[in-house]
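Novice: My structure is in my_file.json, and what it holds is JSON, C-alpha atoms and all ligand atoms:
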[["chain", "number", "residue", "atom", "x", "y", "z"],
["X", 43, "MET", "CA", 18.89, -2.24, -2.93],
["X", 44, "SER", "CA", 17.66, -3.44, 0.44],
["X", 45, "ILE", "CA", 14.44, -2.25, 2.04],
["X", 46, "ALA", "CA", 16.52, -0.37, 4.61],
["X", 47, "GLU", "CA", 18.42, 1.45, 1.87],
["X", 48, "ASN", "CA", 15.17, 2.22, 0.07],
["X", 49, "ILE", "CA", 13.70, 3.71, 3.22],
["X", 50, "THR", "CA", 16.75, 5.88, 3.77],
["X", 51, "LYS", "CA", 16.37, 7.17, 0.22],
["X", 52, "VAL", "CA", 12.63, 7.83, 0.54],
["X", 53, "ARG", "CA", 13.14, 9.66, 3.83],
["X", 54, "LYS", "CA", 15.77, 11.83, 2.17],
["X", 55, "GLN", "CA", 13.36, 12.64, -0.68],
["X", 56, "ILE", "CA", 10.69, 13.60, 1.82],
["X", 57, "ARG", "CA", 13.10, 15.76, 3.82],
["X", 58, "GLU", "CA", 14.24, 17.54, 0.68],
["X", 59, "ALA", "CA", 10.70, 18.10, -0.57],
["X", 60, "ALA", "CA", 9.62, 19.39, 2.84],
["X", 61, "GLN", "CA", 12.47, 21.85, 2.80],
["X", 62, "ALA", "CA", 11.83, 22.93, -0.79],
["X", 63, "PHE", "CA", 8.17, 23.69, -0.05],
["X", 64, "SER", "CA", 8.61, 25.02, 3.50],
["X", 65, "ARG", "CA", 6.65, 22.19, 5.04],
["X", 66, "GLU", "CA", 7.06, 21.06, 8.61],
["X", 67, "PRO", "CA", 8.64, 17.56, 8.26],
["X", 68, "ALA", "CA", 6.72, 16.32, 11.31],
["X", 69, "GLN", "CA", 3.45, 16.86, 9.44],
["X", 70, "ILE", "CA", 4.39, 14.55, 6.61],
["X", 71, "HIS", "CA", 3.85, 10.92, 7.58],
["X", 72, "LEU", "CA", 5.11, 7.90, 5.72],
["X", 73, "LEU", "CA", 2.67, 5.06, 5.11],
["X", 74, "ALA", "CA", 4.48, 2.00, 3.79],
["X", 75, "VAL", "CA", 2.18, 0.26, 1.30],
["X", 76, "SER", "CA", 2.91, -3.43, 1.73],
["X", 77, "LYS", "CA", 0.27, -5.05, -0.49],
["X", 78, "THR", "CA", 1.50, -8.26, -2.18],
["X", 79, "LYS", "CA", 4.66, -8.17, -0.01],
["X", 80, "PRO", "CA", 5.41, -10.81, 2.66],
["X", 81, "ALA", "CA", 5.39, -10.27, 6.40],
["X", 82, "SER", "CA", 9.20, -10.53, 6.35],
["X", 83, "ALA", "CA", 9.37, -7.35, 4.25],
["X", 84, "ILE", "CA", 7.22, -5.55, 6.82],
["X", 85, "ARG", "CA", 9.59, -6.72, 9.56],
["X", 86, "GLU", "CA", 12.50, -5.23, 7.64],
["X", 87, "ALA", "CA", 10.70, -1.90, 7.36],
["X", 88, "TYR", "CA", 9.73, -2.01, 11.03],
["X", 89, "ALA", "CA", 13.40, -2.45, 11.91],
["X", 90, "CYS", "CA", 13.86, 1.00, 10.29],
["X", 91, "GLN", "CA", 11.18, 2.48, 12.59],
["X", 92, "ILE", "CA", 8.36, 2.33, 10.06],
["X", 93, "THR", "CA", 5.21, 1.64, 12.08],
["X", 94, "ASP", "CA", 2.36, 2.44, 9.67],
["X", 95, "PHE", "CA", 1.45, 0.00, 6.91],
["X", 96, "GLY", "CA", -1.16, 0.25, 4.18],
["X", 97, "GLU", "CA", -2.95, -2.76, 2.72],
["X", 98, "ASN", "CA", -5.52, -3.05, -0.09],
["X", 99, "TYR", "CA", -6.73, -6.63, 0.17],
["X", 100, "LEU", "CA", -8.49, -7.64, 3.36],
["X", 101, "GLN", "CA", -7.64, -11.34, 3.54],
["X", 102, "GLU", "CA", -4.00, -10.73, 2.74],
["X", 103, "ALA", "CA", -3.85, -8.00, 5.38],
["X", 104, "LEU", "CA", -5.45, -10.15, 8.09],
["X", 105, "THR", "CA", -2.99, -12.97, 7.45],
["X", 106, "LYS", "CA", -0.03, -10.62, 7.78],
["X", 107, "GLN", "CA", -1.48, -9.00, 10.89],
["X", 108, "GLN", "CA", -1.55, -12.46, 12.48],
["X", 109, "GLU", "CA", 2.02, -13.19, 11.43],
["X", 110, "LEU", "CA", 3.18, -9.85, 12.84],
["X", 111, "ASN", "CA", 1.17, -9.64, 16.03],
["X", 112, "ASP", "CA", 4.37, -9.49, 18.10],
["X", 113, "LEU", "CA", 5.06, -6.00, 16.64],
["X", 114, "LYS", "CA", 3.32, -2.78, 17.50],
["X", 115, "LEU", "CA", 2.06, -1.71, 14.09],
["X", 116, "THR", "CA", -0.65, 0.66, 12.91],
["X", 117, "TRP", "CA", -2.69, -0.71, 10.02],
["X", 118, "HIS", "CA", -4.35, 1.41, 7.34],
["X", 119, "PHE", "CA", -6.90, 0.04, 4.90],
["X", 120, "ILE", "CA", -6.44, 1.81, 1.54],
["X", 121, "GLY", "CA", -8.25, -0.40, -0.99],
["X", 122, "PRO", "CA", -11.80, -0.49, -2.30],
["X", 123, "ILE", "CA", -14.25, -1.75, 0.34],
["X", 124, "GLN", "CA", -17.19, -4.02, -0.37],
["X", 125, "SER", "CA", -20.00, -3.88, 2.16],
["X", 126, "ASN", "CA", -19.58, -7.52, 3.18],
["X", 127, "LYS", "CA", -16.01, -6.71, 4.30],
["X", 128, "THR", "CA", -16.72, -3.72, 6.53],
["X", 129, "LYS", "CA", -16.94, -5.67, 9.79],
["X", 130, "LEU", "CA", -13.42, -7.10, 9.55],
["X", 131, "VAL", "CA", -12.10, -3.71, 8.43],
["X", 132, "ALA", "CA", -13.78, -2.00, 11.39],
["X", 133, "GLU", "CA", -12.31, -4.56, 13.77],
["X", 134, "ASN", "CA", -8.76, -4.74, 12.49],
["X", 135, "PHE", "CA", -7.59, -1.34, 11.27],
["X", 136, "THR", "CA", -6.83, 2.06, 12.81],
["X", 137, "TRP", "CA", -7.37, 4.05, 9.62],
["X", 138, "VAL", "CA", -9.50, 3.64, 6.49],
["X", 139, "HIS", "CA", -8.42, 5.92, 3.63],
["X", 140, "SER", "CA", -10.86, 4.72, 1.00],
["X", 141, "VAL", "CA", -14.40, 5.53, 2.16],
["X", 142, "ASP", "CA", -16.35, 6.84, -0.82],
["X", 143, "ARG", "CA", -20.00, 6.36, 0.09],
["X", 144, "LEU", "CA", -22.28, 6.75, 3.07],
["X", 145, "LYS", "CA", -23.39, 3.14, 3.23],
["X", 146, "ILE", "CA", -19.83, 1.96, 3.87],
["X", 147, "ALA", "CA", -19.27, 4.65, 6.50],
["X", 148, "GLU", "CA", -22.48, 3.71, 8.30],
["X", 149, "ARG", "CA", -21.49, 0.07, 8.40],
["X", 150, "LEU", "CA", -17.99, 0.88, 9.69],
["X", 151, "SER", "CA", -19.57, 3.11, 12.34],
["X", 152, "ASN", "CA", -21.99, 0.38, 13.48],
["X", 153, "GLN", "CA", -19.35, -2.33, 13.39],
["X", 154, "ARG", "CA", -16.46, -0.51, 15.07],
["X", 155, "PRO", "CA", -16.06, -2.32, 18.39],
["X", 156, "GLU", "CA", -16.90, -0.27, 21.48],
["X", 157, "TYR", "CA", -13.53, -1.13, 23.11],
["X", 158, "LEU", "CA", -11.50, 0.40, 20.26],
["X", 159, "PRO", "CA", -10.95, 4.14, 19.74],
["X", 160, "ASP", "CA", -12.79, 5.88, 16.90],
["X", 161, "LEU", "CA", -11.78, 4.67, 13.45],
["X", 162, "ASN", "CA", -9.88, 7.35, 11.50],
["X", 163, "ILE", "CA", -11.54, 8.00, 8.15],
["X", 164, "CYS", "CA", -10.47, 9.67, 4.92],
["X", 165, "LEU", "CA", -12.97, 10.19, 2.15],
["X", 166, "GLN", "CA", -11.62, 9.11, -1.21],
["X", 167, "VAL", "CA", -12.33, 11.71, -3.87],
["X", 168, "ASN", "CA", -12.30, 10.99, -7.57],
["X", 169, "ILE", "CA", -10.79, 14.08, -9.10],
["X", 170, "SER", "CA", -11.60, 14.73, -12.72],
["X", 171, "ASN", "CA", -8.84, 12.91, -14.54],
["X", 172, "GLU", "CA", -8.89, 9.78, -12.45],
["X", 173, "ASP", "CA", -9.19, 6.50, -14.30],
["X", 174, "SER", "CA", -10.33, 4.36, -11.39],
["X", 175, "LYS", "CA", -14.01, 4.07, -10.62],
["X", 176, "SER", "CA", -13.49, 4.48, -6.89],
["X", 177, "GLY", "CA", -13.95, 7.77, -5.14],
["X", 178, "CYS", "CA", -16.74, 10.20, -4.42],
["X", 179, "ALA", "CA", -17.46, 12.85, -7.06],
["X", 180, "PRO", "CA", -16.20, 16.27, -5.94],
["X", 181, "GLU", "CA", -19.73, 17.72, -6.23],
["X", 182, "GLN", "CA", -21.01, 15.23, -3.66],
["X", 183, "LEU", "CA", -18.09, 15.44, -1.29],
["X", 184, "VAL", "CA", -19.26, 18.16, 1.11],
["X", 185, "GLU", "CA", -22.56, 16.39, 1.72],
["X", 186, "LEU", "CA", -20.80, 13.05, 2.26],
["X", 187, "ALA", "CA", -18.39, 14.71, 4.71],
["X", 188, "ARG", "CA", -21.29, 16.28, 6.58],
["X", 189, "GLN", "CA", -23.01, 12.91, 7.00],
["X", 190, "VAL", "CA", -19.87, 10.93, 7.86],
["X", 191, "SER", "CA", -18.75, 13.52, 10.41],
["X", 192, "GLN", "CA", -21.91, 12.82, 12.41],
["X", 193, "LEU", "CA", -21.45, 9.05, 12.69],
["X", 194, "PRO", "CA", -20.38, 7.64, 16.07],
["X", 195, "LYS", "CA", -17.14, 5.65, 16.43],
["X", 196, "LEU", "CA", -15.68, 7.32, 13.31],
["X", 197, "LYS", "CA", -13.31, 10.27, 13.25],
["X", 198, "LEU", "CA", -13.35, 12.03, 9.92],
["X", 199, "ARG", "CA", -9.77, 13.18, 9.30],
["X", 200, "GLY", "CA", -9.65, 14.35, 5.68],
["X", 201, "LEU", "CA", -9.36, 13.29, 2.05],
["X", 202, "MET", "CA", -7.54, 10.70, 0.01],
["X", 203, "ALA", "CA", -6.97, 10.66, -3.76],
["X", 204, "ILE", "CA", -5.25, 8.51, -6.35],
["X", 205, "PRO", "CA", -4.81, 10.65, -9.46],
["X", 206, "ALA", "CA", -4.19, 8.81, -12.72],
["X", 207, "PRO", "CA", -0.46, 8.20, -13.09],
["X", 208, "CYS", "CA", 1.19, 11.01, -15.00],
["X", 209, "ASP", "CA", 4.79, 12.09, -15.50],
["X", 210, "ASP", "CA", 4.08, 15.77, -15.89],
["X", 211, "TYR", "CA", 5.03, 17.53, -12.67],
["X", 212, "ALA", "CA", 2.78, 20.54, -13.24],
["X", 213, "GLU", "CA", -0.20, 18.30, -13.88],
["X", 214, "GLN", "CA", 0.56, 16.24, -10.76],
["X", 215, "GLN", "CA", 0.58, 19.48, -8.77],
["X", 216, "GLN", "CA", -2.74, 20.59, -10.30],
["X", 217, "ASN", "CA", -4.37, 17.32, -9.35],
["X", 218, "PHE", "CA", -3.19, 17.49, -5.75],
["X", 219, "ALA", "CA", -4.07, 21.18, -5.53],
["X", 220, "GLN", "CA", -7.67, 20.24, -6.36],
["X", 221, "VAL", "CA", -7.72, 17.80, -3.45],
["X", 222, "ARG", "CA", -6.24, 20.39, -1.11],
["X", 223, "GLN", "CA", -8.83, 22.96, -2.19],
["X", 224, "LEU", "CA", -11.64, 20.48, -1.62],
["X", 225, "LEU", "CA", -10.36, 19.84, 1.90],
["X", 226, "GLU", "CA", -10.21, 23.58, 2.57],
["X", 227, "GLN", "CA", -13.75, 23.96, 1.25],
["X", 228, "ILE", "CA", -15.08, 21.24, 3.56],
["X", 229, "ILE", "CA", -13.26, 22.71, 6.56],
["X", 230, "ILE", "CA", -14.83, 26.11, 5.92],
["X", 231, "GLU", "CA", -18.33, 25.04, 4.91],
["X", 232, "LEU", "CA", -18.77, 22.46, 7.66],
["X", 233, "ASN", "CA", -16.47, 23.96, 10.26],
["X", 234, "LEU", "CA", -14.73, 20.61, 10.80],
["X", 235, "PRO", "CA", -11.21, 20.21, 12.21],
["X", 236, "LEU", "CA", -9.84, 18.10, 9.34],
["X", 237, "ASP", "CA", -6.07, 17.67, 9.25],
["X", 238, "THR", "CA", -5.34, 14.96, 6.70],
["X", 239, "LEU", "CA", -4.47, 14.79, 3.02],
["X", 240, "SER", "CA", -3.61, 11.22, 2.04],
["X", 241, "MET", "CA", -1.95, 11.73, -1.32],
["X", 242, "GLY", "CA", 1.31, 11.03, -3.09],
["X", 243, "MET", "CA", 2.77, 7.67, -4.10],
["X", 244, "THR", "CA", 6.17, 6.61, -5.40],
["X", 245, "HIS", "CA", 5.95, 8.61, -8.63],
["X", 246, "ASP", "CA", 4.40, 11.83, -7.39],
["X", 247, "LEU", "CA", 5.74, 12.24, -3.87],
["X", 248, "GLN", "CA", 7.31, 15.67, -4.47],
["X", 249, "ALA", "CA", 4.18, 17.20, -6.00],
["X", 250, "ALA", "CA", 2.07, 15.81, -3.16],
["X", 251, "VAL", "CA", 4.36, 17.36, -0.53],
["X", 252, "ALA", "CA", 4.20, 20.65, -2.43],
["X", 253, "GLN", "CA", 0.41, 20.56, -2.18],
["X", 254, "GLY", "CA", 0.13, 19.72, 1.49],
["X", 255, "SER", "CA", 0.14, 15.93, 1.75],
["X", 256, "THR", "CA", 0.17, 14.65, 5.34],
["X", 257, "TRP", "CA", 0.27, 10.92, 4.47],
["X", 258, "LEU", "CA", 2.48, 9.74, 1.62],
["X", 259, "ARG", "CA", 1.46, 6.22, 0.62],
["X", 260, "ILE", "CA", 4.68, 4.69, -0.69],
["X", 261, "GLY", "CA", 4.91, 1.10, -1.93],
["X", 262, "THR", "CA", 7.35, 0.53, -4.80],
["X", 263, "ALA", "CA", 10.06, 2.91, -3.59],
["X", 264, "ILE", "CA", 10.23, 1.00, -0.28],
["X", 265, "PHE", "CA", 9.50, -2.63, -1.17],
["X", 266, "GLY", "CA", 10.39, -2.75, -4.88],
["X", 267, "GLU", "CA", 8.15, -3.58, -7.82],
["X", 268, "ARG", "CA", 5.07, -5.69, -7.12],
["X", 269, "GLN", "CA", 4.44, -9.00, -8.80],
["X", 270, "TYR", "CA", 0.82, -9.98, -9.10],
["X", 271, "ASN", "CA", 1.10, -13.22, -11.03],
["X", 272, "ASN", "CA", 2.91, -15.55, -8.66],
["X", 301, "LIG", "C1", -0.48, 0.43, -4.32],
["X", 301, "LIG", "C2", -0.94, 1.72, -3.73],
["X", 301, "LIG", "C3", -0.04, 2.71, -3.33],
["X", 301, "LIG", "C4", 1.47, 2.61, -3.48],
["X", 301, "LIG", "O1", 1.83, 2.87, -4.80],
["X", 301, "LIG", "P1", 3.38, 2.93, -5.26],
["X", 301, "LIG", "O2", 3.31, 3.55, -6.59],
["X", 301, "LIG", "O3", 3.88, 1.54, -5.29],
["X", 301, "LIG", "O4", 4.10, 3.77, -4.27],
["X", 301, "LIG", "C5", -0.55, 3.84, -2.73],
["X", 301, "LIG", "N1", -1.88, 4.01, -2.55],
["X", 301, "LIG", "C6", -2.78, 3.09, -2.94],
["X", 301, "LIG", "C7", -4.22, 3.34, -2.71],
["X", 301, "LIG", "C8", -2.34, 1.93, -3.55],
["X", 301, "LIG", "O5", -3.26, 1.03, -3.95]]
Please render this file's structure as structure tokens.
Ligand SMILES: *Cc1c(COP(=O)(O)O)cnc(C)c1O

Specialist:
Amino acid sequence: MSIAENITKVRKQIREAAQAFSREPAQIHLLAVSKTKPASAIREAYACQITDFGENYLQEALTKQQELNDLKLTWHFIGPIQSNKTKLVAENFTWVHSVDRLKIAERLSNQRPEYLPDLNICLQVNISNEDSKSGCAPEQLVELARQVSQLPKLKLRGLMAIPAPCDDYAEQQQNFAQVRQLLEQIIIELNLPLDTLSMGMTHDLQAAVAQGSTWLRIGTAIFGERQYNN
């Protein structure tokens, strides 16, 4: 199937999930995760009115940004961030979904250029069953949110999570429900106007919509399987 056909199919899935769970379709945004895929694939998606792209690897992302600088795209950084990479992230992205510690947030805040609008930030939370090492522990999340919300040139928007892959729909829902409840807790305890839940990938899109996702990060269902060894 072509990228255009894939996008049509994904949009249909999102529409159907939104309807099934009484969600406002306009509140569910599609982030096309283009890591490992060439600039030409991004052009194909852009031709279908996809404007937001997620990348995990900084160098790869910067190269593609150069190749695509004739298009009006919004770039989201969604991968782990090392401190020596924060400057280029702060200079070249509109969103960062994967902030999981204060040091990184402080560097992004200091390094965000004055001429750019505030950098949109999601805190990545490591919910209990997650196998990756990234993400802030839930117990430390409110304090991290409090500190990040006070940093200049950053706009704290909400939470991001990558639950361990699982085929069980009920378990997927439980994982995302935890993230939603953590967001609600932060909103209440800190009185912050957070509006973002970055959760749901190709295999758990429906459960994420059911639990309030506002950014679905979809790679495989749009661009096909990734190949890492070429
Ligand atoms: C690769 C990746 C995705 C996309 O995953 P798919 O299963 O291909 O849809 C989403 N979010 C993050 C953080 C990723 O690294």

Novice: Can you tell me which residues sit at most 10 Å away from ligand LIG 301 (chain X), counting only C-alpha atoms and all ligand atoms, written as a ChimeraX atom specification?

Specialist: /X:73-78,96-99,119-122,139-140,166,202-205,207,240-247,258-268

Novice: Between X:Val184, X:Asp160, X:Ala68, X:Ser255, which one has atoms that come closest to Ile230 in chain X, using only C-alpha atoms?

Specialist: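 Smallest distance to Ile230 in chain X is found for X:Val184.
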
Novice: May I ask which of the residues X:Ser170, X:Ser44, X:Ser176, X:Gln107 is the closest one to Gln124 in chain X, counting all atoms listed in the file?

Specialist: X:Ser176

Novice: Counting all atoms listed in the file, which of X:Thr105, X:Ser151, X:Thr238, X:Gln61 gets nearest to Pro80 in chain X?

Specialist: X:Thr105

Novice: Do you know which residues are at most 8 Å from range 177-180 of chain X counting all atoms listed in the file, after dropping those on the same chain fewer than 5 positions away, and could you put them as JSON, numbers by chain?

Specialist: {"X": [140, 141, 142, 143, 165, 166, 167, 168, 169, 203, 224]}

Novice: Could you pull the residues within 12 Å of range 187-190 of chain X, counting all atoms listed in the file, minus those fewer than 3 positions along the same chain, as a PyMOL selection string?

Specialist: chain X and resi 141-151+161-167+178-184+193-201+224-225+227-236

Novice: Would you be able to write out as a ChimeraX atom specification which residues have an atom within 8 Å of (3.2, 14.1, -8.8) in the file's coordinates, counting only C-alpha atoms?

Specialist: /X:208-215,218,242-243,245-250

Novice: Those residues with C-alpha atoms, as a compact mmCIF listing (two decimals), in the coordinates of the input please?

Specialist:
# COMPACT_ATOMS: atom_id res chain seq x y z
CA CYS X 208 1.19 11.01 -15.00
CA ASP X 209 4.79 12.09 -15.50
CA ASP X 210 4.08 15.77 -15.89
CA TYR X 211 5.03 17.53 -12.67
CA ALA X 212 2.78 20.54 -13.24
CA GLU X 213 -0.20 18.30 -13.88
CA GLN X 214 0.56 16.24 -10.76
CA GLN X 215 0.58 19.48 -8.77
CA PHE X 218 -3.19 17.49 -5.75
CA GLY X 242 1.31 11.03 -3.09
CA MET X 243 2.77 7.67 -4.10
CA HIS X 245 5.95 8.61 -8.63
CA ASP X 246 4.40 11.83 -7.39
CA LEU X 247 5.74 12.24 -3.87
CA GLN X 248 7.31 15.67 -4.47
CA ALA X 249 4.18 17.20 -6.00
CA ALA X 250 2.07 15.81 -3.16

Novice: Give me the residues within 12 Å of Ala46 in chain X as an MDAnalysis selection string, counting only C-alpha atoms and dropping any in the same chain fewer than 6 places off.

Specialist: chainID X and resid 52:53 83:92 263:266

Novice: Find the residue from X:Ile70, X:Ala81, X:Leu239, X:Ala60 that sits nearest to Leu115 in chain X; use only C-alpha atoms when measuring.

Specialist: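 Checking each candidate against Leu115 in chain X, we get X:Ala81 as the closest.
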
Novice: Between X:Gln216, X:Thr136, X:Ser82, X:Val221, single out the one closest to Lys106 in chain X, counting all atoms listed in the file.

Specialist: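 Distance minimum relative to Lys106 in chain X lands on X:Ser82.
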
Novice: From the options X:Ala206, X:Ser64, X:Val131, X:Ile49, which residue's atoms come nearest to Trp117 in chain X, counting all atoms listed in the file?

Specialist: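 Under the stated criterion, the closest residue is X:Val131.
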
Novice: Dump N, CA, C and O atoms of range 117-138 of chain X from the given block, as a PDB file, in the first residue's frame.

Specialist:
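Listed below is the output, out.pdb:
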ATOM      1  N   TRP X 117       8.105  20.182  13.470  1.00  0.00           N
ATOM      2  CA  TRP X 117       8.944  19.055  13.883  1.00  0.00           C
ATOM      3  C   TRP X 117       8.841  18.808  15.387  1.00  0.00           C
ATOM      4  O   TRP X 117       8.926  19.740  16.186  1.00  0.00           O
ATOM      5  N   HIS X 118       8.704  17.527  15.719  1.00  0.00           N
ATOM      6  CA  HIS X 118       8.599  17.096  17.120  1.00  0.00           C
ATOM      7  C   HIS X 118       9.769  16.161  17.436  1.00  0.00           C
ATOM      8  O   HIS X 118       9.983  15.186  16.711  1.00  0.00           O
ATOM      9  N   PHE X 119      10.489  16.453  18.494  1.00  0.00           N
ATOM     10  CA  PHE X 119      11.538  15.522  18.911  1.00  0.00           C
ATOM     11  C   PHE X 119      10.937  14.552  19.919  1.00  0.00           C
ATOM     12  O   PHE X 119      10.378  14.972  20.930  1.00  0.00           O
ATOM     13  N   ILE X 120      11.052  13.237  19.644  1.00  0.00           N
ATOM     14  CA  ILE X 120      10.381  12.249  20.500  1.00  0.00           C
ATOM     15  C   ILE X 120      11.332  11.202  21.057  1.00  0.00           C
ATOM     16  O   ILE X 120      10.888  10.260  21.704  1.00  0.00           O
ATOM     17  N   GLY X 121      12.639  11.350  20.806  1.00  0.00           N
ATOM     18  CA  GLY X 121      13.595  10.333  21.265  1.00  0.00           C
ATOM     19  C   GLY X 121      14.307  10.754  22.535  1.00  0.00           C
ATOM     20  O   GLY X 121      14.160  11.885  23.000  1.00  0.00           O
ATOM     21  N   PRO X 122      15.084   9.841  23.093  1.00  0.00           N
ATOM     22  CA  PRO X 122      15.883  10.184  24.279  1.00  0.00           C
ATOM     23  C   PRO X 122      16.840  11.343  23.963  1.00  0.00           C
ATOM     24  O   PRO X 122      17.364  11.418  22.857  1.00  0.00           O
ATOM     25  N   ILE X 123      17.024  12.240  24.922  1.00  0.00           N
ATOM     26  CA  ILE X 123      17.876  13.421  24.692  1.00  0.00           C
ATOM     27  C   ILE X 123      19.081  13.384  25.600  1.00  0.00           C
ATOM     28  O   ILE X 123      18.949  13.339  26.816  1.00  0.00           O
ATOM     29  N   GLN X 124      20.266  13.431  25.005  1.00  0.00           N
ATOM     30  CA  GLN X 124      21.492  13.582  25.796  1.00  0.00           C
ATOM     31  C   GLN X 124      21.747  15.068  25.971  1.00  0.00           C
ATOM     32  O   GLN X 124      21.407  15.872  25.106  1.00  0.00           O
ATOM     33  N   SER X 125      22.426  15.423  27.082  1.00  0.00           N
ATOM     34  CA  SER X 125      22.574  16.865  27.339  1.00  0.00           C
ATOM     35  C   SER X 125      23.402  17.575  26.288  1.00  0.00           C
ATOM     36  O   SER X 125      23.175  18.753  26.036  1.00  0.00           O
ATOM     37  N   ASN X 126      24.327  16.881  25.628  1.00  0.00           N
ATOM     38  CA  ASN X 126      25.117  17.592  24.607  1.00  0.00           C
ATOM     39  C   ASN X 126      24.349  17.823  23.306  1.00  0.00           C
ATOM     40  O   ASN X 126      24.866  18.392  22.360  1.00  0.00           O
ATOM     41  N   LYS X 127      23.087  17.375  23.258  1.00  0.00           N
ATOM     42  CA  LYS X 127      22.254  17.568  22.056  1.00  0.00           C
ATOM     43  C   LYS X 127      21.170  18.612  22.256  1.00  0.00           C
ATOM     44  O   LYS X 127      20.448  18.958  21.317  1.00  0.00           O
ATOM     45  N   THR X 128      21.053  19.144  23.458  1.00  0.00           N
ATOM     46  CA  THR X 128      19.891  20.000  23.756  1.00  0.00           C
ATOM     47  C   THR X 128      19.874  21.268  22.913  1.00  0.00           C
ATOM     48  O   THR X 128      18.806  21.748  22.555  1.00  0.00           O
ATOM     49  N   LYS X 129      21.053  21.828  22.604  1.00  0.00           N
ATOM     50  CA  LYS X 129      21.074  23.104  21.898  1.00  0.00           C
ATOM     51  C   LYS X 129      20.419  22.965  20.525  1.00  0.00           C
ATOM     52  O   LYS X 129      19.553  23.761  20.142  1.00  0.00           O
ATOM     53  N   LEU X 130      20.831  21.934  19.777  1.00  0.00           N
ATOM     54  CA  LEU X 130      20.268  21.737  18.441  1.00  0.00           C
ATOM     55  C   LEU X 130      18.790  21.374  18.507  1.00  0.00           C
ATOM     56  O   LEU X 130      18.015  21.737  17.617  1.00  0.00           O
ATOM     57  N   VAL X 131      18.388  20.670  19.554  1.00  0.00           N
ATOM     58  CA  VAL X 131      16.961  20.376  19.721  1.00  0.00           C
ATOM     59  C   VAL X 131      16.202  21.672  19.983  1.00  0.00           C
ATOM     60  O   VAL X 131      15.165  21.947  19.365  1.00  0.00           O
ATOM     61  N   ALA X 132      16.741  22.499  20.873  1.00  0.00           N
ATOM     62  CA  ALA X 132      16.064  23.758  21.221  1.00  0.00           C
ATOM     63  C   ALA X 132      15.948  24.682  20.010  1.00  0.00           C
ATOM     64  O   ALA X 132      15.017  25.471  19.904  1.00  0.00           O
ATOM     65  N   GLU X 133      16.903  24.580  19.098  1.00  0.00           N
ATOM     66  CA  GLU X 133      16.925  25.487  17.948  1.00  0.00           C
ATOM     67  C   GLU X 133      16.084  25.014  16.766  1.00  0.00           C
ATOM     68  O   GLU X 133      15.736  25.809  15.899  1.00  0.00           O
ATOM     69  N   ASN X 134      15.805  23.706  16.714  1.00  0.00           N
ATOM     70  CA  ASN X 134      15.258  23.156  15.476  1.00  0.00           C
ATOM     71  C   ASN X 134      13.924  22.422  15.586  1.00  0.00           C
ATOM     72  O   ASN X 134      13.476  21.816  14.611  1.00  0.00           O
ATOM     73  N   PHE X 135      13.316  22.442  16.747  1.00  0.00           N
ATOM     74  CA  PHE X 135      12.037  21.745  16.914  1.00  0.00           C
ATOM     75  C   PHE X 135      10.996  22.674  17.531  1.00  0.00           C
ATOM     76  O   PHE X 135      11.338  23.684  18.160  1.00  0.00           O
ATOM     77  N   THR X 136       9.726  22.313  17.330  1.00  0.00           N
ATOM     78  CA  THR X 136       8.615  23.077  17.917  1.00  0.00           C
ATOM     79  C   THR X 136       8.099  22.403  19.179  1.00  0.00           C
ATOM     80  O   THR X 136       7.586  23.050  20.082  1.00  0.00           O
ATOM     81  N   TRP X 137       8.236  21.088  19.213  1.00  0.00           N
ATOM     82  CA  TRP X 137       7.818  20.281  20.361  1.00  0.00           C
ATOM     83  C   TRP X 137       8.952  19.340  20.778  1.00  0.00           C
ATOM     84  O   TRP X 137       9.680  18.836  19.913  1.00  0.00           O
ATOM     85  N   VAL X 138       9.034  19.065  22.073  1.00  0.00           N
ATOM     86  CA  VAL X 138       9.853  17.960  22.580  1.00  0.00           C
ATOM     87  C   VAL X 138       8.948  17.119  23.475  1.00  0.00           C
ATOM     88  O   VAL X 138       8.400  17.621  24.460  1.00  0.00           O
TER      89      VAL X 138
END
